[in-house]
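Asks: Have a peek at run-v8.pdb (PDB, C-alpha atoms, pLDDT in the B column).
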ATOM      1  CA  ALA H   1      97.498 176.702 102.575  1.00 85.00           C
ATOM      2  CA  CYS H   2      96.150 179.889 104.161  1.00 95.00           C
ATOM      3  CA  ILE H   3      92.948 178.192 105.350  1.00 97.00           C
ATOM      4  CA  SER H   4      94.941 175.258 106.710  1.00 96.00           C
ATOM      5  CA  ALA H   5      97.253 177.679 108.524  1.00 96.00           C
ATOM      6  CA  GLY H   6      94.226 179.423 109.996  1.00 96.00           C
ATOM      7  CA  LEU H   7      92.705 176.172 111.209  1.00 96.00           C
ATOM      8  CA  ARG H   8      96.001 175.137 112.795  1.00 96.00           C
ATOM      9  CA  SER H   9      96.046 178.495 114.590  1.00 95.00           C
ATOM     10  CA  GLY H  10      92.572 177.880 115.963  1.00 97.00           C
ATOM     11  CA  LEU H  11      90.614 180.144 113.620  1.00 97.00           C
ATOM     12  CA  ALA H  12      87.026 179.018 113.141  1.00 97.00           C
ATOM     13  CA  ALA H  13      85.739 181.817 110.871  1.00 98.00           C
ATOM     14  CA  MET H  14      87.784 182.992 107.890  1.00 98.00           C
ATOM     15  CA  GLU H  15      87.401 185.051 104.738  1.00 97.00           C
ATOM     16  CA  VAL H  16      88.824 184.256 101.308  1.00 97.00           C
ATOM     17  CA  ARG H  17      88.495 186.892  98.602  1.00 95.00           C
ATOM     18  CA  THR H  18      89.849 186.792  95.088  1.00 93.00           C
ATOM     19  CA  GLN H  19      88.589 187.654  91.620  1.00 88.00           C
ATOM     20  CA  ALA H  20      85.834 185.133  90.858  1.00 87.00           C
ATOM     21  CA  VAL H  21      86.793 185.360  87.174  1.00 85.00           C
ATOM     22  CA  PRO H  22      90.024 186.862  85.790  1.00 80.00           C
ATOM     23  CA  ASN H  23      88.404 189.958  84.245  1.00 79.00           C
ATOM     24  CA  LEU H  24      85.692 190.582  86.796  1.00 71.00           C
ATOM     25  CA  ASP H  25      84.639 193.954  85.383  1.00 72.00           C
ATOM     26  CA  GLU H  26      84.031 192.320  81.984  1.00 71.00           C
ATOM     27  CA  ALA H  27      82.209 189.245  83.268  1.00 63.00           C
ATOM     28  CA  LYS H  28      78.919 190.176  81.569  1.00 67.00           C
ATOM     29  CA  PHE H  29      80.508 190.929  78.213  1.00 68.00           C
ATOM     30  CA  GLY H  30      83.069 188.148  77.916  1.00 71.00           C
ATOM     31  CA  THR H  31      86.772 188.244  77.187  1.00 83.00           C
ATOM     32  CA  PRO H  32      89.086 185.541  75.789  1.00 86.00           C
ATOM     33  CA  THR H  33      90.675 185.199  79.242  1.00 89.00           C
ATOM     34  CA  ASN H  34      87.306 184.775  80.919  1.00 88.00           C
ATOM     35  CA  GLU H  35      86.201 182.272  78.287  1.00 88.00           C
ATOM     36  CA  ARG H  36      89.284 180.135  78.922  1.00 89.00           C
ATOM     37  CA  PHE H  37      88.514 180.205  82.636  1.00 91.00           C
ATOM     38  CA  GLN H  38      84.858 179.310  81.966  1.00 91.00           C
ATOM     39  CA  ILE H  39      85.978 176.276  79.966  1.00 91.00           C
ATOM     40  CA  GLU H  40      88.317 175.312  82.810  1.00 93.00           C
ATOM     41  CA  CYS H  41      85.459 175.622  85.319  1.00 93.00           C
ATOM     42  CA  ALA H  42      83.115 173.562  83.154  1.00 93.00           C
ATOM     43  CA  ARG H  43      85.710 170.811  82.860  1.00 93.00           C
ATOM     44  CA  ASN H  44      86.691 170.827  86.526  1.00 95.00           C
ATOM     45  CA  LEU H  45      83.068 170.690  87.650  1.00 95.00           C
ATOM     46  CA  GLY H  46      82.307 167.864  85.236  1.00 94.00           C
ATOM     47  CA  LEU H  47      79.737 169.920  83.366  1.00 92.00           C
ATOM     48  CA  SER H  48      81.222 170.004  79.888  1.00 88.00           C
ATOM     49  CA  SER H  49      84.462 169.868  77.938  1.00 82.00           C
ATOM     50  CA  GLY H  50      83.688 173.336  76.598  1.00 77.00           C
ATOM     51  CA  PRO H  51      82.782 174.644  73.145  1.00 77.00           C
ATOM     52  CA  VAL H  52      83.740 172.735  70.008  1.00 76.00           C
ATOM     53  CA  LYS H  53      84.478 174.175  66.598  1.00 69.00           C
ATOM     54  CA  ALA H  54      81.949 173.404  63.898  1.00 63.00           C
ATOM     55  CA  SER H  55      83.324 173.054  60.376  1.00 60.00           C
ATOM     56  CA  GLY H  56      81.870 173.286  56.919  1.00 55.00           C
ATOM     57  CA  GLN H  57      80.078 176.599  57.297  1.00 55.00           C
ATOM     58  CA  SER H  58      80.599 179.458  54.857  1.00 53.00           C
ATOM     59  CA  ASN H  59      79.704 183.111  54.896  1.00 54.00           C
ATOM     60  CA  ASP H  60      77.984 185.034  52.088  1.00 58.00           C
ATOM     61  CA  ALA H  61      81.282 185.318  50.218  1.00 57.00           C
ATOM     62  CA  GLY H  62      81.834 181.578  50.299  1.00 54.00           C
ATOM     63  CA  LEU H  63      84.634 181.794  52.860  1.00 53.00           C
ATOM     64  CA  GLN H  64      84.874 179.224  55.608  1.00 50.00           C
ATOM     65  CA  LYS H  65      83.885 180.469  59.051  1.00 54.00           C
ATOM     66  CA  SER H  66      85.173 179.242  62.386  1.00 54.00           C
ATOM     67  CA  VAL H  67      82.049 178.640  64.447  1.00 56.00           C
ATOM     68  CA  LYS H  68      81.861 177.428  68.029  1.00 67.00           C
ATOM     69  CA  ARG H  69      79.081 175.174  69.227  1.00 74.00           C
ATOM     70  CA  PHE H  70      78.118 175.044  72.885  1.00 76.00           C
ATOM     71  CA  ASP H  71      76.357 172.193  74.629  1.00 80.00           C
ATOM     72  CA  GLY H  72      73.616 172.913  77.141  1.00 81.00           C
ATOM     73  CA  ASN H  73      75.748 172.349  80.228  1.00 87.00           C
ATOM     74  CA  TYR H  74      78.500 174.673  79.059  1.00 88.00           C
ATOM     75  CA  MET H  75      75.873 177.335  78.398  1.00 89.00           C
ATOM     76  CA  LEU H  76      74.997 177.221  82.119  1.00 90.00           C
ATOM     77  CA  VAL H  77      78.509 178.454  82.862  1.00 90.00           C
ATOM     78  CA  LYS H  78      78.548 180.920  79.967  1.00 87.00           C
ATOM     79  CA  ARG H  79      75.268 182.525  81.066  1.00 88.00           C
ATOM     80  CA  ASP H  80      76.238 182.802  84.740  1.00 91.00           C
ATOM     81  CA  PRO H  81      80.050 182.744  84.871  1.00 91.00           C
ATOM     82  CA  ILE H  82      80.505 184.263  88.315  1.00 92.00           C
ATOM     83  CA  ALA H  83      78.095 181.888  90.037  1.00 94.00           C
ATOM     84  CA  TYR H  84      79.751 178.781  88.584  1.00 95.00           C
ATOM     85  CA  ALA H  85      83.217 180.227  89.107  1.00 95.00           C
ATOM     86  CA  ASN H  86      82.435 180.562  92.796  1.00 96.00           C
ATOM     87  CA  ILE H  87      81.328 176.920  92.922  1.00 97.00           C
ATOM     88  CA  GLU H  88      84.690 176.051  91.342  1.00 97.00           C
ATOM     89  CA  TRP H  89      86.528 178.158  93.936  1.00 96.00           C
ATOM     90  CA  ALA H  90      84.580 176.384  96.680  1.00 97.00           C
ATOM     91  CA  ARG H  91      85.668 173.054  95.189  1.00 97.00           C
ATOM     92  CA  ARG H  92      89.283 174.219  95.165  1.00 96.00           C
ATOM     93  CA  ILE H  93      89.410 175.387  98.781  1.00 96.00           C
ATOM     94  CA  ALA H  94      87.408 172.524 100.295  1.00 96.00           C
ATOM     95  CA  PRO H  95      90.416 170.159 100.713  1.00 95.00           C
ATOM     96  CA  ALA H  96      91.913 172.648 103.186  1.00 96.00           C
ATOM     97  CA  PHE H  97      89.252 171.572 105.698  1.00 96.00           C
ATOM     98  CA  GLY H  98      90.620 168.030 105.717  1.00 92.00           C
ATOM     99  CA  ALA H  99      88.307 165.050 106.171  1.00 93.00           C
ATOM    100  CA  ARG H 100      84.790 166.306 106.783  1.00 95.00           C
ATOM    101  CA  SER H 101      81.459 164.501 106.749  1.00 96.00           C
ATOM    102  CA  LYS H 102      79.913 167.265 104.664  1.00 97.00           C
ATOM    103  CA  VAL H 103      80.985 170.583 103.182  1.00 98.00           C
ATOM    104  CA  TRP H 104      77.977 172.875 103.131  1.00 98.00           C
ATOM    105  CA  VAL H 105      78.219 175.375 100.268  1.00 98.00           C
ATOM    106  CA  LEU H 106      75.661 178.023 101.140  1.00 98.00           C
ATOM    107  CA  LEU H 107      74.747 180.544  98.442  1.00 97.00           C
ATOM    108  CA  ALA H 108      74.077 183.997  99.830  1.00 95.00           C
ATOM    109  CA  GLU H 109      72.737 185.220  96.490  1.00 88.00           C
ATOM    110  CA  GLY H 110      70.764 183.515  93.744  1.00 83.00           C
ATOM    111  CA  ARG H 111      70.640 179.848  92.841  1.00 87.00           C
ATOM    112  CA  VAL H 112      73.081 177.601  90.965  1.00 91.00           C
ATOM    113  CA  ASP H 113      72.018 174.374  89.266  1.00 90.00           C
ATOM    114  CA  THR H 114      74.751 171.903  90.226  1.00 93.00           C
ATOM    115  CA  ALA H 115      72.806 168.747  89.353  1.00 91.00           C
ATOM    116  CA  ALA H 116      75.019 168.108  86.314  1.00 91.00           C
ATOM    117  CA  CYS H 117      78.311 168.905  88.110  1.00 94.00           C
ATOM    118  CA  SER H 118      79.588 165.335  88.115  1.00 94.00           C
ATOM    119  CA  LYS H 119      83.027 166.168  89.555  1.00 95.00           C
ATOM    120  CA  LEU H 120      81.915 167.934  92.713  1.00 95.00           C
ATOM    121  CA  PRO H 121      83.105 166.131  95.863  1.00 94.00           C
ATOM    122  CA  LYS H 122      80.544 163.627  97.100  1.00 93.00           C
ATOM    123  CA  ASN H 123      80.349 165.357 100.472  1.00 95.00           C
ATOM    124  CA  PHE H 124      79.367 168.705  98.921  1.00 96.00           C
ATOM    125  CA  VAL H 125      75.902 169.974  99.833  1.00 96.00           C
ATOM    126  CA  VAL H 126      74.918 173.087  97.862  1.00 96.00           C
ATOM    127  CA  ARG H 127      72.008 175.065  99.299  1.00 96.00           C
ATOM    128  CA  PRO H 128      70.738 178.650  99.375  1.00 96.00           C
ATOM    129  CA  LEU H 129      71.765 180.322 102.613  1.00 96.00           C
ATOM    130  CA  ASP H 130      68.101 180.937 103.417  1.00 95.00           C
ATOM    131  CA  SER H 131      67.139 177.271 102.872  1.00 94.00           C
ATOM    132  CA  LYS H 132      65.241 175.538 105.664  1.00 94.00           C
ATOM    133  CA  ASN H 133      66.995 172.285 104.710  1.00 95.00           C
ATOM    134  CA  ILE H 134      70.333 172.934 106.431  1.00 97.00           C
ATOM    135  CA  ASP H 135      71.539 170.619 109.176  1.00 97.00           C
ATOM    136  CA  ILE H 136      75.219 171.306 109.870  1.00 98.00           C
ATOM    137  CA  GLY H 137      77.102 168.949 112.182  1.00 97.00           C
ATOM    138  CA  ALA H 138      80.281 169.373 114.217  1.00 96.00           C
ATOM    139  CA  ARG H 139      82.231 167.205 111.753  1.00 97.00           C
ATOM    140  CA  ASP H 140      81.139 169.353 108.819  1.00 98.00           C
ATOM    141  CA  ALA H 141      82.537 172.545 107.301  1.00 98.00           C
ATOM    142  CA  VAL H 142      80.765 175.556 105.803  1.00 98.00           C
ATOM    143  CA  ILE H 143      81.539 177.785 102.820  1.00 98.00           C
ATOM    144  CA  VAL H 144      79.310 180.853 102.472  1.00 98.00           C
ATOM    145  CA  VAL H 145      79.489 181.965  98.844  1.00 97.00           C
ATOM    146  CA  ALA H 146      79.347 185.650  97.915  1.00 95.00           C
ATOM    147  CA  PRO H 147      78.034 187.101 101.164  1.00 95.00           C
ATOM    148  CA  GLY H 148      77.104 190.725 100.721  1.00 89.00           C
ATOM    149  CA  VAL H 149      74.911 192.403 103.293  1.00 92.00           C
ATOM    150  CA  THR H 150      75.799 192.000 106.949  1.00 94.00           C
ATOM    151  CA  THR H 151      72.755 189.833 107.618  1.00 95.00           C
ATOM    152  CA  SER H 152      74.140 187.185 105.223  1.00 96.00           C
ATOM    153  CA  TRP H 153      77.475 187.156 107.050  1.00 96.00           C
ATOM    154  CA  GLN H 154      75.779 186.905 110.407  1.00 97.00           C
ATOM    155  CA  LYS H 155      73.472 184.095 109.351  1.00 97.00           C
ATOM    156  CA  GLY H 156      76.329 182.036 107.920  1.00 97.00           C
ATOM    157  CA  TYR H 157      78.440 182.695 111.012  1.00 98.00           C
ATOM    158  CA  ASP H 158      75.630 181.731 113.379  1.00 98.00           C
ATOM    159  CA  LEU H 159      74.868 178.507 111.491  1.00 98.00           C
ATOM    160  CA  ALA H 160      78.496 177.384 111.636  1.00 98.00           C
ATOM    161  CA  GLU H 161      79.150 178.524 115.197  1.00 97.00           C
ATOM    162  CA  GLY H 162      75.997 176.838 116.432  1.00 97.00           C
ATOM    163  CA  ALA H 163      77.219 173.533 115.013  1.00 97.00           C
ATOM    164  CA  GLY H 164      80.842 173.974 116.067  1.00 97.00           C
ATOM    165  CA  ALA H 165      81.969 173.822 112.424  1.00 98.00           C
ATOM    166  CA  PRO H 166      84.581 175.999 110.693  1.00 98.00           C
ATOM    167  CA  VAL H 167      83.329 178.490 108.110  1.00 98.00           C
ATOM    168  CA  VAL H 168      84.913 180.311 105.177  1.00 98.00           C
ATOM    169  CA  PHE H 169      83.225 183.333 103.625  1.00 98.00           C
ATOM    170  CA  LEU H 170      84.134 183.219  99.943  1.00 97.00           C
ATOM    171  CA  ASN H 171      84.415 186.049  97.420  1.00 95.00           C
ATOM    172  CA  SER H 172      82.298 188.804  98.872  1.00 93.00           C
ATOM    173  CA  GLN H 173      82.191 191.596  96.290  1.00 79.00           C
ATOM    174  CA  LEU H 174      79.937 193.867  98.317  1.00 78.00           C
ATOM    175  CA  SER H 175      80.515 195.474 101.678  1.00 75.00           C
ATOM    176  CA  GLU H 176      78.332 197.693 103.814  1.00 76.00           C
ATOM    177  CA  ARG H 177      81.382 199.357 105.295  1.00 75.00           C
ATOM    178  CA  TYR H 178      84.223 201.237 103.642  1.00 75.00           C
ATOM    179  CA  ALA H 179      87.031 198.995 104.821  1.00 81.00           C
ATOM    180  CA  LEU H 180      88.943 195.877 103.888  1.00 87.00           C
ATOM    181  CA  GLY H 181      87.333 192.626 104.937  1.00 90.00           C
ATOM    182  CA  GLY H 182      83.846 191.697 105.930  1.00 92.00           C
ATOM    183  CA  PRO H 183      81.636 193.268 108.600  1.00 93.00           C
ATOM    184  CA  LEU H 184      82.208 190.706 111.386  1.00 94.00           C
ATOM    185  CA  ASP H 185      85.178 191.232 113.691  1.00 92.00           C
ATOM    186  CA  ALA H 186      85.280 187.499 114.480  1.00 95.00           C
ATOM    187  CA  VAL H 187      86.162 186.668 110.859  1.00 96.00           C
ATOM    188  CA  GLU H 188      89.853 186.665 109.922  1.00 95.00           C
ATOM    189  CA  GLU H 189      90.940 187.465 106.359  1.00 95.00           C
ATOM    190  CA  VAL H 190      93.241 184.536 105.524  1.00 96.00           C
ATOM    191  CA  TYR H 191      93.510 185.135 101.770  1.00 96.00           C
ATOM    192  CA  TYR H 192      92.549 188.498 100.393  1.00 94.00           C
ATOM    193  CA  LEU H 193      93.222 190.062  97.023  1.00 92.00           C
ATOM    194  CA  LYS H 194      91.510 193.345  96.213  1.00 89.00           C
ATOM    195  CA  PRO H 195      92.342 195.538  93.222  1.00 85.00           C
ATOM    196  CA  ILE H 196      92.486 199.243  93.968  1.00 83.00           C
ATOM    197  CA  SER H 197      93.402 202.255  91.836  1.00 80.00           C
ATOM    198  CA  LYS H 198      96.761 201.497  90.165  1.00 85.00           C
ATOM    199  CA  GLY H 199      97.470 198.474  92.322  1.00 86.00           C
ATOM    200  CA  PHE H 200      96.084 195.997  94.833  1.00 89.00           C
ATOM    201  CA  VAL H 201      96.138 194.997  98.495  1.00 91.00           C
ATOM    202  CA  PHE H 202      96.964 191.443  99.471  1.00 93.00           C
ATOM    203  CA  ARG H 203      97.096 189.198 102.489  1.00 94.00           C
ATOM    204  CA  ALA H 204      98.043 185.529 102.819  1.00 95.00           C
ATOM    205  CA  TYR H 205      97.733 184.313 106.410  1.00 95.00           C
ATOM    206  CA  PRO H 206      99.751 184.110 108.623  1.00 93.00           C
ATOM    207  CA  ARG H 207     101.612 186.986 106.961  1.00 93.00           C
ATOM    208  CA  GLY H 208     100.359 190.535 107.289  1.00 93.00           C
ATOM    209  CA  TRP H 209      98.803 192.856 104.723  1.00 93.00           C
ATOM    210  CA  GLU H 210     100.796 194.194 101.774  1.00 92.00           C
ATOM    211  CA  CYS H 211     100.142 196.981  99.266  1.00 92.00           C
ATOM    212  CA  PHE H 212     101.410 196.805  95.695  1.00 90.00           C
ATOM    213  CA  LEU H 213     101.646 199.291  92.840  1.00 89.00           C
ATOM    214  CA  ASP H 214     101.104 198.156  89.247  1.00 87.00           C
ATOM    215  CA  LYS H 215     103.969 199.606  87.171  1.00 87.00           C
ATOM    216  CA  PRO H 216     103.758 200.531  83.467  1.00 87.00           C
ATOM    217  CA  ASP H 217     106.088 197.653  82.541  1.00 87.00           C
ATOM    218  CA  GLY H 218     103.608 195.103  83.967  1.00 81.00           C
ATOM    219  CA  CYS H 219     105.591 194.483  87.157  1.00 85.00           C
ATOM    220  CA  GLN H 220     104.499 195.218  90.708  1.00 84.00           C
ATOM    221  CA  GLU H 221     106.273 197.281  93.343  1.00 86.00           C
ATOM    222  CA  LYS H 222     105.630 196.606  97.023  1.00 86.00           C
ATOM    223  CA  LEU H 223     104.725 199.885  98.676  1.00 86.00           C
ATOM    224  CA  ALA H 224     104.039 198.827 102.250  1.00 84.00           C
ATOM    225  CA  THR H 225     103.914 195.846 104.602  1.00 86.00           C
ATOM    226  CA  PHE H 226     101.783 195.778 107.734  1.00 89.00           C
ATOM    227  CA  ALA H 227     102.064 193.809 110.973  1.00 84.00           C
ATOM    228  CA  ASN H 228      99.429 191.145 111.660  1.00 78.00           C
ATOM    229  CA  ASP H 229      97.508 193.432 113.987  1.00 79.00           C
ATOM    230  CA  GLU H 230      97.415 196.246 111.409  1.00 82.00           C
ATOM    231  CA  ARG H 231      95.664 196.700 108.111  1.00 80.00           C
ATOM    232  CA  PRO H 232      95.734 199.342 105.373  1.00 79.00           C
ATOM    233  CA  THR H 233      92.833 201.750 105.065  1.00 78.00           C
ATOM    234  CA  LEU H 234      91.109 202.514 101.789  1.00 67.00           C
TER     235      LEU H 234
END
When written as structure tokens, how does the structure in this file appear?
Replies:
Amino acid sequence: ACISAGLRSGLAAMEVRTQAVPNLDEAKFGTPTNERFQIECARNLGLSSGPVKASGQSNDAGLQKSVKRFDGNYMLVKRDPIAYANIEWARRIAPAFGARSKVWVLLAEGRVDTAACSKLPKNFVVRPLDSKNIDIGARDAVIVVAPGVTTSWQKGYDLAEGAGAPVVFLNSQLSERYALGGPLDAVEEVYYLKPISKGFVFRAYPRGWECFLDKPDGCQEKLATFANDERPTL
């Protein structure tokens, strides 16, 4: 909804930032919440139905053990949960662009094997951002995944602007400046969720920025609301 609102307002370059996986700080170690999300990603991408329980195994004391078996495709997600989670987020936000000839999903960092992702939209084209095989058209849209350094932002912006295509910068977890949002002034933050000490900052375009405090009872208290031309400082 936020991307659609931005497009209706004439925005051509937007940022969407959320937690790629629910427990981002524990992504390398695994948590039950992250595992449930990994299974959801694997299913939604058409990679796998997730782990299955194997029966009939006993430990040294003769007691039955609950063992999970993982197929090869699910292990792709388990080994690199953030990368595949970002592909899933790209799949989720793509409909906001409406009917497009192609949606170019450009990976600012690393590589993701999507060959077995049978449920990706047919107009998805997944490439590294530095690929020479990128030919964006005016009827296309661009999603730059996990941009970090300013040069990645600029390259993605230039590719989209040169073609006259809208671009969304998705889930940047690294910034070269100590401020909310990415480094390019031409990019509008249309959906932004960033945890901070004892709370989080949030924006859902066209509304302004909001700051929330996490309370001991698990609820949140809104501390401040900002006008559209203002933003909180860290």
Asks: Excluding H:Val16 and its own-chain neighbours fewer than 3 positions away, which residues fall within 12 Å of it when counting all atoms listed in the file? Please give them as a PyMOL selection string.
Replies: chain H and resi 1-3+6+13+19-20+86+89-90+92-94+143-147+167-173+180-182+187-194+202-205
Asks: Measuring atom to atom with all atoms listed in the file, identify which of H:Trp153, H:Phe70, H:Pro195, H:Ala5 is nearest to H:Asn23.
Replies: H:Pro195
Asks: The PyMOL selection byres ((chain H and resi 128-132) around 10) on the file shown: which residues, as a list in words?
Replies: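 For this structure, the PyMOL selection byres ((chain H and resi 128-132) around 10) captures Trp104, Val105, Leu106, Leu107, Ala108, Glu109, Gly110, Arg111, Val112, Val126, Arg127, Asn133, Ile134, Asp135, Val144, Val145, Pro147, Ser152, Trp153, Lys155, Gly156 and Leu159 of chain H.
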Asks: How about saving the chosen residues, C-alpha atoms kept, as a CSV table (one decimal), in the coordinates of the input?
Replies:
chain,number,residue,atom,x,y,z
H,104,TRP,CA,78.0,172.9,103.1
H,105,VAL,CA,78.2,175.4,100.3
H,106,LEU,CA,75.7,178.0,101.1
H,107,LEU,CA,74.7,180.5,98.4
H,108,ALA,CA,74.1,184.0,99.8
H,109,GLU,CA,72.7,185.2,96.5
H,110,GLY,CA,70.8,183.5,93.7
H,111,ARG,CA,70.6,179.8,92.8
H,112,VAL,CA,73.1,177.6,91.0
H,126,VAL,CA,74.9,173.1,97.9
H,127,ARG,CA,72.0,175.1,99.3
H,133,ASN,CA,67.0,172.3,104.7
H,134,ILE,CA,70.3,172.9,106.4
H,135,ASP,CA,71.5,170.6,109.2
H,144,VAL,CA,79.3,180.9,102.5
H,145,VAL,CA,79.5,182.0,98.8
H,147,PRO,CA,78.0,187.1,101.2
H,152,SER,CA,74.1,187.2,105.2
H,153,TRP,CA,77.5,187.2,107.0
H,155,LYS,CA,73.5,184.1,109.4
H,156,GLY,CA,76.3,182.0,107.9
H,159,LEU,CA,74.9,178.5,111.5
Asks: For H:Phe212, which residue out of H:Ile196, H:Ala160, H:Ala227, H:Leu47 is the nearest one, using only C-alpha atoms?
Replies: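 Checking each of H:Ile196, H:Ala160, H:Ala227, H:Leu47 against H:Phe212, counting only C-alpha atoms, the winner is H:Ile196.
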Asks: What's the 12 Å shell around H:Met75, counting only C-alpha atoms, without same-chain residues fewer than 6 positions away, as a ChimeraX atom specification?
Replies: /H:35,38-39,41-42,47-51,68-69,81,84,113
Asks: How many Å lie between atom CA of H:Ala163 and atom CA of H:Ala138, rounded to one decimal?
Replies: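 Atom CA of H:Ala163 sits 5.2 Å away from atom CA of H:Ala138.
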